[in-house]
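Asker: Please see the structure below; I have some questions.
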Amino acid sequence: MMESKFSSSSVDSTFSSRMMESDYSGSSGSGGPAYNAETPKFKEIDAVHELHRPKLGPPSIELVFFHGLQLGDYSEAYLKTWMTPNESQSWLTTWLVEKFPQSRVLSVSYDSSITKNTAKDGSIDLPAVAENLATSLIEIEAVGNIQCPIVLIGHSLGGLVVKEICSHAERLSRTYSESPRVVPIKKFLNSVKGTFFYATPNGGSLLTELAALLSSTQPFLTPRYLESLNEDTGRINEDFAKLRRKYGWKTYGVGETDETVISGTSSGVLVDEGQASLDMDMFSKILGTNHLSICQPEERTSESFQCLVDFVMNIVHDQEDAESEEFLLQCGLPEHGVSLEGRVERVMEQLQLREAHPVLLALVGMGGIGKTTLARAVFMEIHASFEYSSFIYNAREALRLRDLDALIRDNLYKGEKKDVRTSSNQSVSVWKSLKGKKVLLVMDDVDAREQISIVLSMIDSNWFGKGTRVIATSRVRNEDVLPDFINFDVRGLNQEESRMLFCSHAENPEMPDELVNKVVAQCGGLPLTIEIVGAYLRKETNAAVWEETINRLHRAESASGTVDDRLWNKLKLCYESLETMEQEMFLDLATIFYDHHDLELLKAAWKRSMKAPEVGLKNLVDRCLIRIVQQATKNDIDCGLILQRERVWMHAQLRDMGQVIAAHSRPRILVSTSLGQEDPALNQLITTNAKGEPLIKGLKVSYLENRQSRELRTNIPASCFYLPELRYLVLENVDISGFIVKFSSSVALLSLHHCRRVLHSSSMSWHNWPIRDTDLASLGNLAALEICTDPKIDRPGSPGSISSSIKSTLPTGFHKLAQLRVLLLRSSAVKELPPKFGCLPRLEYLDLRTRELTALPESFGQLTTLERLCLQCRALQRLPASFGELLSLRTLELHSLMVDELPDNLGRLRALRKLDIYSCQKLFSLPDSIGELTGLESMVLSSCNQLTLPESFGQLQGLQNLEIRYCERLKELPECFGHLQALQTLKLLHFYELPKLPLSFGQLCSLQDLEMTQCLGLRKLPDSFGELRALRKFKIVECYDLSALPPSFGQLIALQSLIIHRCQLRTLPESFGRLKSLQTLKLEKLPSLRSLPETFGHLWALKTLTIHQCENLPFLPVSFGHLRGLQRLEMELQCRIFTKLPDSFGRLPALQTLRIISCHLQALPETFGGLSTLEKMRISLSKSVKALPEIPDSFEQLEALQELIVEVPPKGVAMDVLSVWLEKLEDMGWICTRGTEEGVYAFAKVSRHAPSVFDFAHYMHKRRGVECVCAAPSKVSGRQSRERTDFCL
């Protein structure tokens, strides 16, 4: 790290007109240099100065600074602008780098002087400046090349330069749209995540004020020049506004409050608040600063510096949240226990992923057969290779409430990660972001053409880029619904797979095989039916029950009605066996609560009318009727909090069945979803109910919001609030202004999402708040309350927002809700809680999120029944002294608080089992009493930059799961760390300076799962590491300094899974072969690895081995053939001298799948035919090879081999050489069944009597009923046509 202090002269000699060469590897795409982690060299780069880059590895973010107008020489402005007030140091290279050590920091220099003596041309030509700087940044400096987030920071005029550079880059992207030059430009534009402006004249005020102040001052430029420059800012700001909407860039502005003295006499506020905050997402006034001092903070805690740090931190976190694995949580879909690998591969073959033309594929089959599960598995396999991808779950239902644009936006991925930027930008059509992009779109459960018509029209007009793929799942096989789609029939499980799945649920090994096989046969291969029936018969020992089940399944299949009716009749077996309470819970979940509600809300409501609902819920799970998933809700994400909450997931077929049953039951649950029109059924039922017949126990009214105006719907009958037997009331996007609301006294659950009540009087102006004191009397039985206001409406300055001068609070009598157990209050409007808030006698779960709340009342500690507390209060500066009195508290989640310490009596929370602290950036330490939490089982510490651990930390004897990430000041773990005797799972993520682990680390005797990611500076693991005898999984990623594993590593006798990714390991220790339990090993991106130990062949339990991008690994050890348990092997052999496999390779007795990628192999070993169990083989040759590997005669002995695919570089190997090679394979009985222009050849083994492709196709059709279809691009449109041919399978 650079020295923290230096004089301005030394700064100039060190940095002026110099630039570190920065080359990065691992960048996706072409055109960029490779990363070089060696000592940087300096070179002259006009106008751009690199001040910092990470010591190891590529940067996680690029920060580019632009100075503003200068009254004199501008040559040192790129540093002096960002100095501390006494000019002792540049905070860019000290404080900022300490906060973001993995950042790349650049500062730009350009002619911004407004004096005639120093200005080159007597003018500032912003377009010319932007053109020069854009070239330097994008083409020379390769900013954006590695596609990490970019934040552009400008002061004064520098903010306008930022905007003009972005506009210039956009113009270039259109000019060079067909040229390779567009690649780095698009990378730059797509990588920009945010812009930060220090006192930037977004409306031109700076130049107007300055022109007036300088009207009589020389030798400055003429005021007319400044006025003309001011006139250009309108165009600049207008162009930038369009761009930030298109790309979803976040903006933050800070403004001055004091006057700036110019030329000794003139002074004024150069940029007022109105101009500095114009078109900003966020804005802050920095008290006590003028136009120059606003970007010269006095200390690290200065607000002008902290605002930038918070902004950058949010950008970093946005990119890290919602990794591709979260897709599983969002869908809430189960794995049904049967391998999908073969099905996924067949779908991928139909998608023809190497072809440039768009492909539309329909997965067709009856409900419950596994279409969605298969589509999800395919999506997870391939979505990272697309520029953008989106999975729309349950499109048929989702499109009733929202348009496809919004659904895609909320589920959009960019590469592997969730595209938070586009998802949060509601003002721009997502289709614009997808223009010309390679897109993967999966739409689940499509049953009407209009649901997908817009996608079809865009395919026809070539809106998307080359390689686009669209997958739809549908219960109907109809050309009118899915025209021009290739139909892929999703078939049920075979008998063996069905039996395996059934037995995993039935768990009854005593029943005769004959009965089991009969039940399985009646299920028809449908995974859903098999699971439900298997769960129904779980541990059932009465054979008569099994016989009756077989008979009922047979009658259900033979009954008249639709396919869905027959399926539901089978599923009703399990439903009808439920107790009355459990049936009621099932119907509640299938109707009013199936989409997004926190499970704790439902439990609290059920407790008002049911006994032991937890038992009923468990039974529903055991019967496979529902699943409990951990998932962040849409409202969580809207509020900026991504925490996992328990929610219910139900299969669409079960949900549809439940809704049909509920429609004929009494009392009813009514769900009205509308685009805003009147719902006659709703009006009629409520009118009937009002006459005295208790028809409705649950009511949900949900209107589609107008995304442009954010208008809320009001056409809801006023009588819906007072229904005598109403238990559940859920309103979404409803404006209840003007209603005289009297809630029914029977209501146990009230959920108000984005509902607004606006009151106007001379004494009060209360916006958006739906509950008043007068409502409380009628809510005496309320057990669960959820209020979520729209953060976009609540934003200051938005229509209908709460005035900043008004204190918004809960009603003063709120504590009178004596039955309230769960309160979810997610509103940026709440500024204080009533003094008696702590008097809620039964409150068990509180989720409180607000931007304005600064303190909790002292009565808070009186919530003696509170078991779970989540606080996300960005202005909360302290927790009350009574906090330690929450003696029932079991779960505590603190997010984005501004507290610098936690109460000393925190250790009194003896019931606490889970403690999570996120983004509390001022929290410097945990209290010493933390060690008294002996019952604490789980802890997460994330993004607490000042946090250190006390010595009492090792006293947490009950701690089982610990995750620490992005705690920058935490540079070492205390020596007491090894005393955590119960610790089973440990994740150490993103430590920027962690030179070592404590010597006591090996004492973690219970540790089973360890993950270490980006622990920079860690050169070795302690010698005691091998003492972790319980360790089963170890994942170490991007620990760039780690060059060796300790000799004791082989003592990890329980280790089953090991992943080593991007480290500097040169070899593995000789003891490595002693890992007798190791089953999965992945060695990825290890450029320094030059050999594997000879003991490697002793890993007899190893089943899966992956070696990727170890480009300096020249050979495999001779003992490799001794891996007698190896079943799957995947190697990317980039080393040019890796030309052969060891002779022992053919002695791998269990190998089933072999993939060799980017290889330079000259021949396969003669023993290759000894791979008697090999079923699938894929070999891909490096683009630089000119010859094909020699095939040994033993190759034809591979009797088990069913699939052979060879990838040959089309321009590397001569055609005559390829022909000879193909002929030899044909002589061995291998016929090429498919070949592409990209050099991918698929082979199938047949008898010698089928020597031609055409005879082979005929043979397969005759013997196996396989229809041969060749998919070729249509010349007429961008869609895919289907042509019958006898060429490929």
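Lettering and numbering for the structure tokens are positional, with chains as A, B, ... in the shown order, residues counted from 1 in each chain, and ligands counted from 1 in the shown order.
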Would you kindly return, as a ChimeraX atom specification, each protein, DNA or RNA residue with an atom no farther than 10 Å from any atom of region 1031-1037 of chain A, considering only C-alpha atoms and excluding same-chain residues fewer than 3 positions away?
Answerer: /A:984-990,1004-1015,1025-1028,1040,1042,1052-1063,1077-1078,1080-1082,1084-1085
Asker: What does the file look like for those residues with N, CA and C atoms, as a short mmCIF file (atom, residue, chain, number, x, y, z; two decimals), in the first residue's frame?
Answerer:
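And here's part15.cif as it stands now:
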```cif
data_model
loop_
_atom_site.label_atom_id
_atom_site.label_comp_id
_atom_site.auth_asym_id
_atom_site.auth_seq_id
_atom_site.Cartn_x
_atom_site.Cartn_y
_atom_site.Cartn_z
N GLN A 984 -19.33 -26.25 13.59
CA GLN A 984 -19.43 -27.25 12.54
C GLN A 984 -19.26 -26.65 11.14
N THR A 985 -19.73 -25.42 10.92
CA THR A 985 -19.64 -24.77 9.62
C THR A 985 -18.99 -23.41 9.78
N LEU A 986 -17.96 -23.14 8.98
CA LEU A 986 -17.24 -21.87 9.06
C LEU A 986 -17.01 -21.33 7.66
N LYS A 987 -17.39 -20.06 7.45
CA LYS A 987 -17.13 -19.38 6.18
C LYS A 987 -16.38 -18.09 6.46
N LEU A 988 -15.17 -18.00 5.90
CA LEU A 988 -14.35 -16.80 6.00
C LEU A 988 -14.25 -16.22 4.59
N LEU A 989 -14.96 -15.13 4.33
CA LEU A 989 -15.12 -14.63 2.97
C LEU A 989 -14.64 -13.19 2.87
N HIS A 990 -13.80 -12.91 1.89
CA HIS A 990 -13.41 -11.54 1.54
C HIS A 990 -12.68 -10.84 2.68
N LEU A 1004 -10.47 -26.97 16.32
CA LEU A 1004 -11.91 -26.95 16.00
C LEU A 1004 -12.35 -28.39 15.71
N CYS A 1005 -12.50 -29.14 16.75
CA CYS A 1005 -12.66 -30.59 16.62
C CYS A 1005 -13.98 -31.01 15.99
N SER A 1006 -14.97 -30.11 15.94
CA SER A 1006 -16.27 -30.46 15.36
C SER A 1006 -16.46 -29.90 13.96
N LEU A 1007 -15.48 -29.18 13.44
CA LEU A 1007 -15.63 -28.49 12.17
C LEU A 1007 -15.80 -29.49 11.02
N GLN A 1008 -16.91 -29.36 10.28
CA GLN A 1008 -17.20 -30.27 9.18
C GLN A 1008 -17.16 -29.60 7.81
N ASP A 1009 -17.47 -28.31 7.76
CA ASP A 1009 -17.58 -27.60 6.49
C ASP A 1009 -16.83 -26.28 6.60
N LEU A 1010 -15.82 -26.09 5.76
CA LEU A 1010 -14.99 -24.88 5.80
C LEU A 1010 -14.90 -24.28 4.41
N GLU A 1011 -15.21 -22.99 4.31
CA GLU A 1011 -15.06 -22.27 3.05
C GLU A 1011 -14.24 -21.01 3.30
N MET A 1012 -13.23 -20.80 2.47
CA MET A 1012 -12.39 -19.61 2.55
C MET A 1012 -12.31 -18.99 1.15
N THR A 1013 -12.81 -17.78 1.02
CA THR A 1013 -12.84 -17.08 -0.27
C THR A 1013 -12.18 -15.72 -0.12
N GLN A 1014 -11.24 -15.43 -1.01
CA GLN A 1014 -10.53 -14.15 -1.04
C GLN A 1014 -9.96 -13.78 0.33
N CYS A 1015 -9.25 -14.69 0.91
CA CYS A 1015 -8.50 -14.39 2.13
C CYS A 1015 -7.11 -13.96 1.68
N PHE A 1025 -3.56 -27.72 10.88
CA PHE A 1025 -4.74 -27.86 10.03
C PHE A 1025 -5.15 -29.33 9.88
N GLY A 1026 -4.20 -30.21 9.82
CA GLY A 1026 -4.50 -31.63 9.66
C GLY A 1026 -5.20 -32.24 10.85
N GLU A 1027 -5.29 -31.50 11.96
CA GLU A 1027 -5.98 -32.01 13.14
C GLU A 1027 -7.49 -31.86 13.06
N LEU A 1028 -7.97 -31.24 11.95
CA LEU A 1028 -9.43 -31.08 11.78
C LEU A 1028 -10.01 -32.43 11.33
N TYR A 1040 -5.00 -15.85 -3.30
CA TYR A 1040 -3.95 -15.73 -4.30
C TYR A 1040 -2.55 -15.93 -3.75
N LEU A 1042 -1.73 -18.11 -1.35
CA LEU A 1042 -1.52 -19.46 -0.82
C LEU A 1042 -0.73 -20.29 -1.82
N LEU A 1052 -6.51 -35.34 7.12
CA LEU A 1052 -7.94 -35.03 7.12
C LEU A 1052 -8.71 -36.28 6.70
N ILE A 1053 -8.81 -37.21 7.58
CA ILE A 1053 -9.30 -38.55 7.23
C ILE A 1053 -10.79 -38.56 6.88
N ALA A 1054 -11.55 -37.50 7.26
CA ALA A 1054 -12.99 -37.48 6.98
C ALA A 1054 -13.32 -36.64 5.74
N LEU A 1055 -12.32 -36.02 5.14
CA LEU A 1055 -12.57 -35.09 4.04
C LEU A 1055 -13.16 -35.82 2.84
N GLN A 1056 -14.34 -35.36 2.39
CA GLN A 1056 -15.03 -35.98 1.27
C GLN A 1056 -15.05 -35.09 0.03
N SER A 1057 -15.04 -33.78 0.20
CA SER A 1057 -15.12 -32.85 -0.92
C SER A 1057 -14.08 -31.76 -0.77
N LEU A 1058 -13.30 -31.53 -1.83
CA LEU A 1058 -12.25 -30.50 -1.81
C LEU A 1058 -12.30 -29.71 -3.10
N ILE A 1059 -12.41 -28.40 -2.99
CA ILE A 1059 -12.40 -27.49 -4.14
C ILE A 1059 -11.30 -26.47 -3.91
N ILE A 1060 -10.37 -26.40 -4.86
CA ILE A 1060 -9.29 -25.41 -4.80
C ILE A 1060 -9.36 -24.59 -6.08
N HIS A 1061 -9.56 -23.28 -5.95
CA HIS A 1061 -9.82 -22.43 -7.11
C HIS A 1061 -8.99 -21.15 -7.00
N ARG A 1062 -8.23 -20.88 -8.03
CA ARG A 1062 -7.44 -19.63 -8.13
C ARG A 1062 -6.53 -19.42 -6.93
N CYS A 1063 -5.63 -20.33 -6.73
CA CYS A 1063 -4.57 -20.18 -5.73
C CYS A 1063 -3.23 -20.35 -6.44
N SER A 1077 -11.09 -40.72 2.39
CA SER A 1077 -12.54 -40.52 2.24
C SER A 1077 -12.89 -39.56 1.11
N LEU A 1078 -11.89 -39.01 0.44
CA LEU A 1078 -12.14 -37.98 -0.57
C LEU A 1078 -12.91 -38.56 -1.76
N THR A 1080 -14.90 -36.16 -4.00
CA THR A 1080 -15.01 -35.11 -5.03
C THR A 1080 -13.82 -34.18 -4.90
N LEU A 1081 -13.12 -33.97 -6.03
CA LEU A 1081 -11.96 -33.08 -6.05
C LEU A 1081 -12.03 -32.19 -7.28
N LYS A 1082 -11.94 -30.87 -7.06
CA LYS A 1082 -11.92 -29.90 -8.15
C LYS A 1082 -10.68 -29.03 -8.00
N GLU A 1084 -9.08 -25.97 -9.99
CA GLU A 1084 -9.49 -25.03 -11.03
C GLU A 1084 -8.65 -23.78 -10.99
N LYS A 1085 -8.18 -23.36 -12.17
CA LYS A 1085 -7.44 -22.11 -12.33
C LYS A 1085 -6.26 -22.03 -11.37
#
```
Asker: Would you please give, as an NGL selection string, all residues of region 1050-1174 of chain A that DSSP assigns to strand (DSSP E) based on the backbone?
Answerer: :A and (1057-1061 or 1080-1084 or 1104-1108 or 1128-1132 or 1153-1159)
Asker: Just give me the gap between CA of Pro1087 (chain A) and CA of Leu994 (chain A) in Å, one decimal is fine.
Answerer: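 We find that CA of Pro1087 (chain A) and CA of Leu994 (chain A) lie 22.2 Å from each other.
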Asker: Excluding Asp310 (chain A) and residues on its chain fewer than 4 positions from it, collect all residues at most 12 Å away from it, counting only C-alpha atoms, and give them as number ranges by chain.
Answerer: A: 96, 99-100, 196, 252, 282, 301, 303-306, 314-317, 874, 896, 898, 919-922, 943-945
Asker: Between A:Met650, A:Val182, A:Met581, A:Leu515, single out the one closest to Val615 (chain A), counting only C-alpha atoms.
Answerer: A:Met581
Asker: Quick one, how far is CA of Ser107 (chain A) from CA of Ala276 (chain A)?
Answerer: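 These atoms are spaced 22.0 Å apart.
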Asker: Pick out the residues sitting within 9 Å of Gly935 (chain A), and hand them over as a ChimeraX atom specification; count only C-alpha atoms, and ignore anything fewer than 3 positions along from it in its own chain.
Answerer: /A:910-913,932,956-959
Asker: Would you save the residues from that selection as a short mmCIF file (atom, residue, chain, number, x, y, z; two decimals), in the first residue's frame, using N, CA, C and O atoms?
Answerer:
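This is the output file selection_38.cif:
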```
data_model
loop_
_atom_site.label_atom_id
_atom_site.label_comp_id
_atom_site.auth_asym_id
_atom_site.auth_seq_id
_atom_site.Cartn_x
_atom_site.Cartn_y
_atom_site.Cartn_z
N ARG A 910 -29.84 -14.83 27.12
CA ARG A 910 -29.40 -16.23 27.22
C ARG A 910 -30.19 -17.16 26.30
O ARG A 910 -29.74 -18.26 26.01
N ALA A 911 -31.38 -16.72 25.85
CA ALA A 911 -32.18 -17.57 24.95
C ALA A 911 -31.76 -17.41 23.48
O ALA A 911 -32.25 -18.16 22.63
N LEU A 912 -30.85 -16.47 23.22
CA LEU A 912 -30.50 -16.16 21.83
C LEU A 912 -29.80 -17.35 21.17
O LEU A 912 -28.83 -17.89 21.70
N ARG A 913 -30.33 -17.74 20.00
CA ARG A 913 -29.75 -18.85 19.25
C ARG A 913 -29.14 -18.40 17.92
O ARG A 913 -28.25 -19.07 17.39
N GLU A 932 -20.96 -14.61 26.96
CA GLU A 932 -21.95 -15.17 27.88
C GLU A 932 -23.11 -15.82 27.13
O GLU A 932 -23.95 -16.47 27.74
N LEU A 956 -17.97 -18.88 23.19
CA LEU A 956 -19.27 -19.25 22.60
C LEU A 956 -19.28 -20.76 22.38
O LEU A 956 -19.15 -21.26 21.26
N GLN A 957 -19.46 -21.49 23.44
CA GLN A 957 -19.32 -22.94 23.40
C GLN A 957 -20.42 -23.65 22.62
O GLN A 957 -20.26 -24.80 22.23
N GLY A 958 -21.53 -22.96 22.38
CA GLY A 958 -22.61 -23.59 21.63
C GLY A 958 -22.63 -23.22 20.16
O GLY A 958 -23.47 -23.73 19.40
N LEU A 959 -21.72 -22.35 19.72
CA LEU A 959 -21.75 -21.85 18.34
C LEU A 959 -21.44 -22.97 17.35
O LEU A 959 -20.38 -23.59 17.41
#
```
Asker: Give me the residues near region 385-396 of chain A as a list in words, where near means some atom within 7 Å (using only C-alpha atoms) and where sequence neighbours in that chain fewer than 5 positions away do not count.
Answerer: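 So the residues in contact are Cys331, Leu407, Ile408, Asn411, Leu412, Tyr413, Lys414, Gly415, Lys437, Lys438, Val439, Leu440, Leu441, Val442, Met443, Asp444, Asp445, Val446 and Asp447 of chain A.
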Asker: Which is closest to Arg1178 (chain A) among A:Val1240, A:Leu654, A:Leu1218, A:Ile1231, if we use only C-alpha atoms?
Answerer: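 Smallest distance to Arg1178 (chain A) is found for A:Val1240.
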Asker: Tell me, as a list in words, which residues lie within 7 Å of region 495-509 of chain A, counting only C-alpha atoms; anything in the same chain fewer than 4 positions away does not count.
Answerer: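 These residues fall inside the cut-off: Gly337, Val338, Val520, Gly525, Ile530, Glu531, Gly534, Ala535, Leu537, Arg538 and Lys539 of chain A.
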Asker: One number please: CA of Gln1109 (chain A) to CA of Leu1133 (chain A), in Å, one decimal.
Answerer: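 Going from CA of Gln1109 (chain A) over to CA of Leu1133 (chain A), I get 7.0 Å.
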Asker: Quick one: residues within 8 Å of Ser1088 (chain A), only C-alpha atoms counted, chain neighbours fewer than 3 positions away excluded, as number ranges by chain?
Answerer: A: 1064-1066, 1110, 1112
